[in-house]
Every structure is written in structure tokens, then in C-alpha cells.
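Colleague: Take a look at the following structure, please.
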Amino acid sequence: MDLSLTERTKEGIVILDAKGQIVAGDGADRLRERLKALAEAGSTNAILNLAHVDYIDSSGLGALVMSFSALRKKEGTLKLLNLTRRNVELLVLTKLETVFEVFDDEQSAVNSFFPNREIKRFDILSFLQQRKKGTVEE
Amino acid sequence: MIGVGKAAPVFAPLENLTAPVLLAFFKINCPTCQLTFPYLQRLVDRGGPRIVGVSQDDAEGTAEFAEAFGVRFEMVLDAGYAASRDYGLEYVPSMMLVEPDGRISWQSEAFRKVDLEELASRWGVQIFDFSERVPNYKPG
């Protein structure tokens with residue numbers, strides 16, 4: 001399934017709604033190039049909404065890391081929103097949960113770019129513990 | 001990969017060699033390459049060999065990779081995979097040290113800490129710092 005990216009802004013923060021798969025070839029490259037174009041246009045802070053991304057392969061992860069590194073070099077950042085259960089596990093498996101800030105609430109993700117605002121971060125450890133107990137939906 | 005002791009297929013970075021050169025084949029979206037290349041840059045910075053990154057992507061993506069991961073050593077493009085095929089690559093990153101006589105004296109693929117330490121020791125260089133948590137192995 002191809003990757004589609006829809007851009008919107010909320011309080012000046014770019015949110016990219018991704019749909020499909022972020023995999024080797026077109027999907028990974030499209031994501032990286034889109035984030036690069038945003039950075040070149042001055043939007044170095046972005047949120048990637050992964051609610052409708054059902055699969056990310058190693059090239060997709062590479063594209064995420066490269067985009068993150070490129071934005072950090074420009075004093076911006078990339079934050080992740082609404083990961084599926086599988087993508088949370090992928091992030092933990094690859095230790096990238098220590099790199100990316102992850103949210104399951106859009107307003108909190110936006111708030112995290114502003115000082116003195118209330119932020120509710122996604123608790124990955126709690127998610128995994130609940131998953132182990134079978135209280136998280138597939 | 002082609003094998004230690006074998007003659008390295010000649011392409012641009014190997015012309016008129018007077019000192020060993022490390023060829024490092026990579027793809028920009030490869031997480032293991034993203035892990036490896038900053039250490040290769042450190043190897044150069046600490047007095048290691050000349051390194052040439054051989055990119056399987058285009059010039060724009062390659063420049064973006066170099067900037068994102070702080071890589072400043074020379075890069076050449078192998079977007080058509082001609083050199084990659086000649087070297088019998090199966091994975092990236094794949095690295096081989098080519099001596100001035102054109103023979104391969106060391107090679108490694110994926111991220112193998114012990115291999116990189118052995119390579120660096122040839123130049124009396126320590127590539128990993130004691131305080132770092134570096135994986136022993138990461139597949140390519």
C-alpha cells in the first residue's frame with residue numbers, strides 16, 4: 001500500500017497525517033523528502049501522525065531517524081503521534097523510543113512545542129505492561 | 001562480498017592509490033549504516049585511513065545523509081549498483097580495506113564492533129570510547 005501524506009497545521013505546528021506503509025523505496029523516500037521540504041520552507045518542528053500506518057520496515061525507520069537528525073541539526077524536531085501497537089513494539093525493539101517523543105493525544109503533542117503548557121506523554125512502559133496483561137486492544 | 005586477499009575491482013576511488021583506502025558501501029535509509037558511519041567519521045578524525053563512502057542513492061539524498069549524521073569524508077555514488085555488483089555485495093553497510101597493490105586486506109559487513117576495533121587498531125586508534133554503550137552486532 002502506497003504512503004499518502006496530508007499536511008495541516010495546528011497552532012503553527014505542522015502535522016503530517018500519514019496513511020499506508022513506510023517501507024523501502026517510494027514510501028520511505030517520500031516521507032523523508034516531504035519532511036526535508038518542510039524544513040527548507042522553515043517548518044523545522046513537525047508531528048507525524050502514524051494512526052493509519054500499519055507497517056514500517058527498516059528503511060522506513062531509517063527515513064524517520066534521518067529526518068529526525070536533519071531537523072535536529074536545524075534546531076527543530078520530529079515527534080510521533082498515535083502509534084499502532086505494532087509500531088510501539090517496533091520502536092521499543094529498536095530502542096528508538098529513547099530518541100523520539102511519542103504521544104497518543106494530538107493536543108499534547110502540539111502543547112509539547114510550547115513552554116508552560118500541560119503535556120500528557122504516551123507512557124510506553126505502561127502500554128507494554130498492559131499489553132502483557134492482555135488489556136490493550138490489538 | 002568479494003573476499004580478503006582478492007583483487008578489488010577498480011573504480012574511481014581506487015585510481016592511483018598510494019595508501020590504503022576503506023570503501024564503505026551504504027544506503028541512506030539503512031539504520032545500520034546510520035549507526036556505523038558516525039564511527040567511521042570518528043576513525044578518520046582520530047587518524048585512521050582515508051575512507052570513501054559509496055552511496056547507493058542519489059547525490060541529494062547522499063548529501064542529506066552526510067549532513068544529518070555528521071559525515072565529512074569523501075562520498076561517491078553507485079546509484080546504478082555497478083560497483084556494488086562488482087564487489088558482490090549482499091548487505092549494507094559493507095566495508096573493505098583496499099591496499100595500494102589493489103588487494104583487499106580487511107572486510108566486514110553489517111555493524112560488528114569487534115571488526116571495527118580490529119580495523120582501528122591497525123592505525124593505533126581507539127574507535128569506541130569506554131563510556132559508550134555500543135552494540136556488539138547489528139544486522140545490515
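Each chain in the C-alpha cells gets a letter, A, B, ..., in the order shown, and its residues are numbered from 1; ligands are numbered from 1 in order too.
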Do a neighbour search on Asn136 of chain B at 12 Å with only C-alpha atoms, toss out local chain neighbours closer than 6 positions, and write the hits as JSON, numbers by chain.
Modeller: {"B": [35, 36, 110, 111, 112, 113, 114, 115, 116, 117, 128]}
Colleague: Selection from above, N, CA and C atoms, as a compact mmCIF listing (two decimals), in the first residue's frame, can you write it?
Modeller:
# COMPACT_ATOMS: atom_id res chain seq x y z
N LEU B 35 24.04 4.02 11.99
CA LEU B 35 24.79 3.75 13.22
C LEU B 35 26.30 3.73 12.94
N THR B 36 26.69 3.13 11.83
CA THR B 36 28.11 2.87 11.54
C THR B 36 28.88 4.12 11.12
N ALA B 110 27.57 -5.39 7.81
CA ALA B 110 26.70 -5.06 8.95
C ALA B 110 27.53 -4.24 9.96
N PHE B 111 27.09 -4.19 11.22
CA PHE B 111 27.87 -3.50 12.24
C PHE B 111 28.42 -4.54 13.18
N ARG B 112 29.72 -4.75 13.14
CA ARG B 112 30.38 -5.68 14.04
C ARG B 112 31.44 -4.90 14.80
N LYS B 113 31.16 -4.71 16.08
CA LYS B 113 32.05 -3.89 16.90
C LYS B 113 33.48 -4.41 16.87
N VAL B 114 33.62 -5.72 17.00
CA VAL B 114 34.96 -6.31 17.08
C VAL B 114 35.74 -6.08 15.78
N ASP B 115 35.04 -6.13 14.66
CA ASP B 115 35.71 -5.89 13.37
C ASP B 115 36.23 -4.45 13.29
N LEU B 116 35.38 -3.52 13.70
CA LEU B 116 35.77 -2.11 13.61
C LEU B 116 36.91 -1.79 14.57
N GLU B 117 36.90 -2.44 15.74
CA GLU B 117 38.01 -2.26 16.68
C GLU B 117 39.31 -2.78 16.09
N PHE B 128 35.92 3.29 19.71
CA PHE B 128 34.82 3.40 20.66
C PHE B 128 35.37 3.87 22.01
Colleague: May I have a table of the residues of chain A lying at most 7 Å from chain B, giving each one's closest pair of atoms and their distance in Å to one decimal, counting only C-alpha atoms, ordered by chain and ascending residue number, as a Markdown table?
Modeller:
| residue | atom | partner | partner_atom | distance |
| --- | --- | --- | --- | --- |
| A:Ser58 | CA | B:Pro31 | CA | 6.7 |
| A:Ser59 | CA | B:Asn29 | CA | 4.9 |
| A:Leu61 | CA | B:Pro31 | CA | 7.0 |
| A:Gly62 | CA | B:Asn29 | CA | 4.3 |
| A:Ala63 | CA | B:Asn29 | CA | 5.1 |
| A:Met66 | CA | B:Ala68 | CA | 6.3 |
| A:Ser69 | CA | B:Ala68 | CA | 5.2 |
| A:Ala70 | CA | B:Ala68 | CA | 4.7 |
| A:Lys73 | CA | B:Ala68 | CA | 6.9 |
Colleague: What's the 7 Å shell around segment 76-87 of chain A, counting only C-alpha atoms, without same-chain residues fewer than 3 positions away, as a list in words?
Modeller: Thr44, Asn45, Ala46, Ile47, Leu48, Asn49, Leu50, Ala51, Phe68, Leu71, Arg72, Leu90, Leu91, Phe100, Glu101, Val102, Phe103, Asp104, Glu106 and Glu138 of chain A
Colleague: May I have the residues within 8 Å of Ser43 of chain A as a VMD selection string, using only C-alpha atoms and disregarding those fewer than 5 positions away in the same chain?
Modeller: chain A and resid 13 to 14 38
Colleague: For the residues selected in the previous step, produce a file with N, CA and C atoms as a PDB file, in the first residue's frame.
Modeller:
ATOM      1  N   ILE A  13       2.080  24.562  14.245  1.00  0.00           N
ATOM      2  CA  ILE A  13       2.888  23.335  14.174  1.00  0.00           C
ATOM      3  C   ILE A  13       2.366  22.467  13.025  1.00  0.00           C
ATOM      4  N   VAL A  14       3.269  22.020  12.185  1.00  0.00           N
ATOM      5  CA  VAL A  14       2.871  21.169  11.059  1.00  0.00           C
ATOM      6  C   VAL A  14       2.565  19.752  11.549  1.00  0.00           C
ATOM      7  N   LEU A  38       9.667  20.535   4.109  1.00  0.00           N
ATOM      8  CA  LEU A  38       9.093  21.346   5.186  1.00  0.00           C
ATOM      9  C   LEU A  38      10.181  22.139   5.903  1.00  0.00           C
TER      10      LEU A  38
END
Colleague: What are the DSSP strand (DSSP E or B) residues of segment 20-62 of chain A, as number ranges by chain?
Modeller: A: 20-22, 45-56
Colleague: For Leu128 of chain A, list every protein, DNA or RNA residue within 12 Å, evaluated using only C-alpha atoms, and leave out those in the same chain fewer than 3 positions away; present the list as a list of chain:residue names.
Modeller: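 Near Leu128 of chain A, the qualifying residues are A:Arg85, A:Arg86, A:Asn87, A:Val88, A:Glu89, A:Leu90, A:Leu91, A:Val92, A:Leu93, A:Phe122, A:Asp123, A:Ile124, A:Leu125, A:Arg131, A:Lys132, A:Lys133, A:Gly134, A:Thr135, A:Val136, A:Glu137.
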Colleague: Based on DSSP run over this structure's backbone, return all residues of chain B in helix (DSSP H, G or I), as a PyMOL selection string.
Modeller: chain B and resi 12-14+31-45+59-68+82-86+113-121
Colleague: Just N, CA and C atoms for this one: save the residues we selected as a tab-separated table (two decimals), in the first residue's frame.
Modeller:
chain	number	residue	atom	x	y	z
B	12	ALA	N	36.60	4.52	-9.65
B	12	ALA	CA	37.23	5.84	-9.45
B	12	ALA	C	38.02	6.02	-8.14
B	13	PRO	N	37.46	5.66	-6.97
B	13	PRO	CA	38.20	5.96	-5.73
B	13	PRO	C	39.52	5.19	-5.60
B	14	LEU	N	39.72	4.16	-6.42
B	14	LEU	CA	40.91	3.31	-6.27
B	14	LEU	C	42.02	3.66	-7.27
B	31	PRO	N	19.29	1.81	8.69
B	31	PRO	CA	19.59	2.16	10.08
B	31	PRO	C	20.98	1.72	10.53
B	32	THR	N	21.44	0.58	10.04
B	32	THR	CA	22.77	0.11	10.46
B	32	THR	C	23.87	1.00	9.87
B	33	CYS	N	23.62	1.52	8.66
B	33	CYS	CA	24.58	2.47	8.08
B	33	CYS	C	24.58	3.77	8.90
B	34	GLN	N	23.41	4.17	9.34
B	34	GLN	CA	23.29	5.39	10.14
B	34	GLN	C	24.01	5.24	11.48
B	35	LEU	N	24.04	4.02	11.99
B	35	LEU	CA	24.79	3.75	13.22
B	35	LEU	C	26.30	3.73	12.94
B	36	THR	N	26.69	3.13	11.83
B	36	THR	CA	28.11	2.87	11.54
B	36	THR	C	28.88	4.12	11.12
B	37	PHE	N	28.26	4.94	10.26
B	37	PHE	CA	29.04	6.00	9.61
B	37	PHE	C	29.59	7.07	10.57
B	38	PRO	N	28.85	7.47	11.59
B	38	PRO	CA	29.48	8.42	12.51
B	38	PRO	C	30.75	7.85	13.17
B	39	TYR	N	30.78	6.53	13.40
B	39	TYR	CA	32.01	5.92	13.95
B	39	TYR	C	33.12	5.90	12.90
B	40	LEU	N	32.74	5.72	11.64
B	40	LEU	CA	33.77	5.77	10.58
B	40	LEU	C	34.35	7.19	10.50
B	41	GLN	N	33.49	8.19	10.65
B	41	GLN	CA	33.99	9.58	10.64
B	41	GLN	C	34.95	9.80	11.80
B	42	ARG	N	34.59	9.21	12.95
B	42	ARG	CA	35.47	9.33	14.10
B	42	ARG	C	36.82	8.66	13.83
B	43	LEU	N	36.78	7.53	13.14
B	43	LEU	CA	38.02	6.83	12.78
B	43	LEU	C	38.92	7.74	11.95
B	44	VAL	N	38.34	8.43	10.98
B	44	VAL	CA	39.11	9.38	10.17
B	44	VAL	C	39.65	10.50	11.06
B	45	ASP	N	38.78	11.05	11.89
B	45	ASP	CA	39.16	12.19	12.74
B	45	ASP	C	40.30	11.84	13.70
B	59	ALA	N	22.61	11.91	-5.38
B	59	ALA	CA	23.50	12.91	-4.79
B	59	ALA	C	22.80	13.71	-3.69
B	60	GLU	N	21.54	14.06	-3.92
B	60	GLU	CA	20.82	14.88	-2.96
B	60	GLU	C	20.62	14.13	-1.64
B	61	GLY	N	20.14	12.89	-1.74
B	61	GLY	CA	19.93	12.08	-0.54
B	61	GLY	C	21.25	11.80	0.18
B	62	THR	N	22.30	11.59	-0.59
B	62	THR	CA	23.61	11.31	0.00
B	62	THR	C	24.13	12.52	0.78
B	63	ALA	N	23.94	13.70	0.21
B	63	ALA	CA	24.36	14.92	0.90
B	63	ALA	C	23.54	15.11	2.18
B	64	GLU	N	22.26	14.77	2.11
B	64	GLU	CA	21.39	14.90	3.27
B	64	GLU	C	21.84	13.94	4.38
B	65	PHE	N	22.19	12.72	3.97
B	65	PHE	CA	22.69	11.72	4.93
B	65	PHE	C	23.96	12.25	5.61
B	66	ALA	N	24.88	12.77	4.79
B	66	ALA	CA	26.16	13.25	5.33
B	66	ALA	C	25.93	14.37	6.35
B	67	GLU	N	25.02	15.27	6.02
B	67	GLU	CA	24.76	16.38	6.93
B	67	GLU	C	24.09	15.89	8.22
B	68	ALA	N	23.10	15.01	8.05
B	68	ALA	CA	22.34	14.55	9.22
B	68	ALA	C	23.22	13.79	10.20
B	82	ALA	N	26.56	-0.58	-10.07
B	82	ALA	CA	27.61	-1.26	-10.84
B	82	ALA	C	28.74	-1.73	-9.92
B	83	ALA	N	29.24	-0.83	-9.07
B	83	ALA	CA	30.33	-1.20	-8.17
B	83	ALA	C	29.84	-2.21	-7.13
B	84	SER	N	28.61	-2.01	-6.65
B	84	SER	CA	28.06	-2.94	-5.65
B	84	SER	C	28.00	-4.35	-6.21
B	85	ARG	N	27.62	-4.45	-7.47
B	85	ARG	CA	27.57	-5.79	-8.11
B	85	ARG	C	28.98	-6.35	-8.27
B	86	ASP	N	29.91	-5.51	-8.72
B	86	ASP	CA	31.29	-5.98	-8.93
B	86	ASP	C	31.90	-6.51	-7.62
B	113	LYS	N	31.16	-4.71	16.08
B	113	LYS	CA	32.05	-3.89	16.90
B	113	LYS	C	33.48	-4.41	16.87
B	114	VAL	N	33.62	-5.72	17.00
B	114	VAL	CA	34.96	-6.31	17.08
B	114	VAL	C	35.74	-6.08	15.78
B	115	ASP	N	35.04	-6.13	14.66
B	115	ASP	CA	35.71	-5.89	13.37
B	115	ASP	C	36.23	-4.45	13.29
B	116	LEU	N	35.38	-3.52	13.70
B	116	LEU	CA	35.77	-2.11	13.61
B	116	LEU	C	36.91	-1.79	14.57
B	117	GLU	N	36.90	-2.44	15.74
B	117	GLU	CA	38.01	-2.26	16.68
B	117	GLU	C	39.31	-2.78	16.09
B	118	GLU	N	39.20	-3.91	15.43
B	118	GLU	CA	40.41	-4.51	14.82
B	118	GLU	C	40.94	-3.61	13.70
B	119	LEU	N	40.02	-3.07	12.91
B	119	LEU	CA	40.42	-2.15	11.84
B	119	LEU	C	41.12	-0.93	12.43
B	120	ALA	N	40.49	-0.32	13.43
B	120	ALA	CA	41.05	0.90	14.02
B	120	ALA	C	42.41	0.64	14.64
B	121	SER	N	42.59	-0.57	15.19
B	121	SER	CA	43.87	-0.88	15.85
B	121	SER	C	45.03	-0.89	14.86
Colleague: Please provide the set of residues having any atom within 8 Å of Ile51 of chain B, restricted to only C-alpha atoms, with same-chain residues fewer than 6 positions apart removed, written as a ChimeraX atom specification.
Modeller: /B:21-24,40,44,73-74
Colleague: Write out, as a CSV table (one decimal), in the first residue's frame, the residues just selected, with N, CA and C atoms.
Modeller:
chain,number,residue,atom,x,y,z
B,21,VAL,N,42.8,2.5,1.4
B,21,VAL,CA,41.6,3.2,1.4
B,21,VAL,C,40.4,2.3,1.8
B,22,LEU,N,39.6,2.8,2.7
B,22,LEU,CA,38.4,2.0,3.2
B,22,LEU,C,37.2,2.3,2.3
B,23,LEU,N,36.7,1.4,1.6
B,23,LEU,CA,35.4,1.6,0.9
B,23,LEU,C,34.3,1.2,1.8
B,24,ALA,N,33.3,2.1,1.9
B,24,ALA,CA,32.1,1.8,2.8
B,24,ALA,C,30.9,2.0,2.0
B,40,LEU,N,32.7,5.7,11.6
B,40,LEU,CA,33.8,5.8,10.6
B,40,LEU,C,34.4,7.2,10.5
B,44,VAL,N,38.3,8.4,11.0
B,44,VAL,CA,39.1,9.4,10.2
B,44,VAL,C,39.6,10.5,11.1
B,73,PHE,N,33.7,12.7,5.3
B,73,PHE,CA,34.7,12.1,4.3
B,73,PHE,C,34.1,12.0,2.9
B,74,GLU,N,34.9,11.7,2.0
B,74,GLU,CA,34.6,11.6,0.6
B,74,GLU,C,33.4,10.7,0.3
Colleague: Using only C-alpha atoms, pick whichever of A:Asp29, A:Thr94, A:Gln107, A:Val23 has the shortest atom-to-atom distance to Lys138 of chain B.
Modeller: A:Thr94
Colleague: For the atom pair atom CA of Val110 of chain A and atom CA of Glu7 of chain A, what is the interatomic distance in Å to one decimal place?
Modeller: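 Straight-line distance from atom CA of Val110 of chain A to atom CA of Glu7 of chain A works out to 14.4 Å.
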Colleague: What is the atom CA of Met1 of chain B to atom CA of Asn16 of chain B distance in Å?
Modeller: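 Those two atoms sit 23.1 Å apart.
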Colleague: What lies within 8 Å of segment 30-35 of chain A using only C-alpha atoms, ignoring chain neighbours under 6 positions off, as a list in words?
Modeller: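 Contacts, in chain order: Leu3, Leu5, Ile22, Ala63, Leu64, Met66 and Ser67 of chain A.
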Colleague: Restricting the calculation to only C-alpha atoms: of B:Phe26, B:Ser131, B:Glu109, B:Arg46, which residue gets closest to Leu97 of chain B?
Modeller: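 Closest residue, counting only C-alpha atoms: B:Glu109.
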Colleague: Please compute the atom CA of Met96 of chain B-atom CA of Phe25 of chain B distance, one decimal, in Å.
Modeller: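 It comes out at 8.8 Å.
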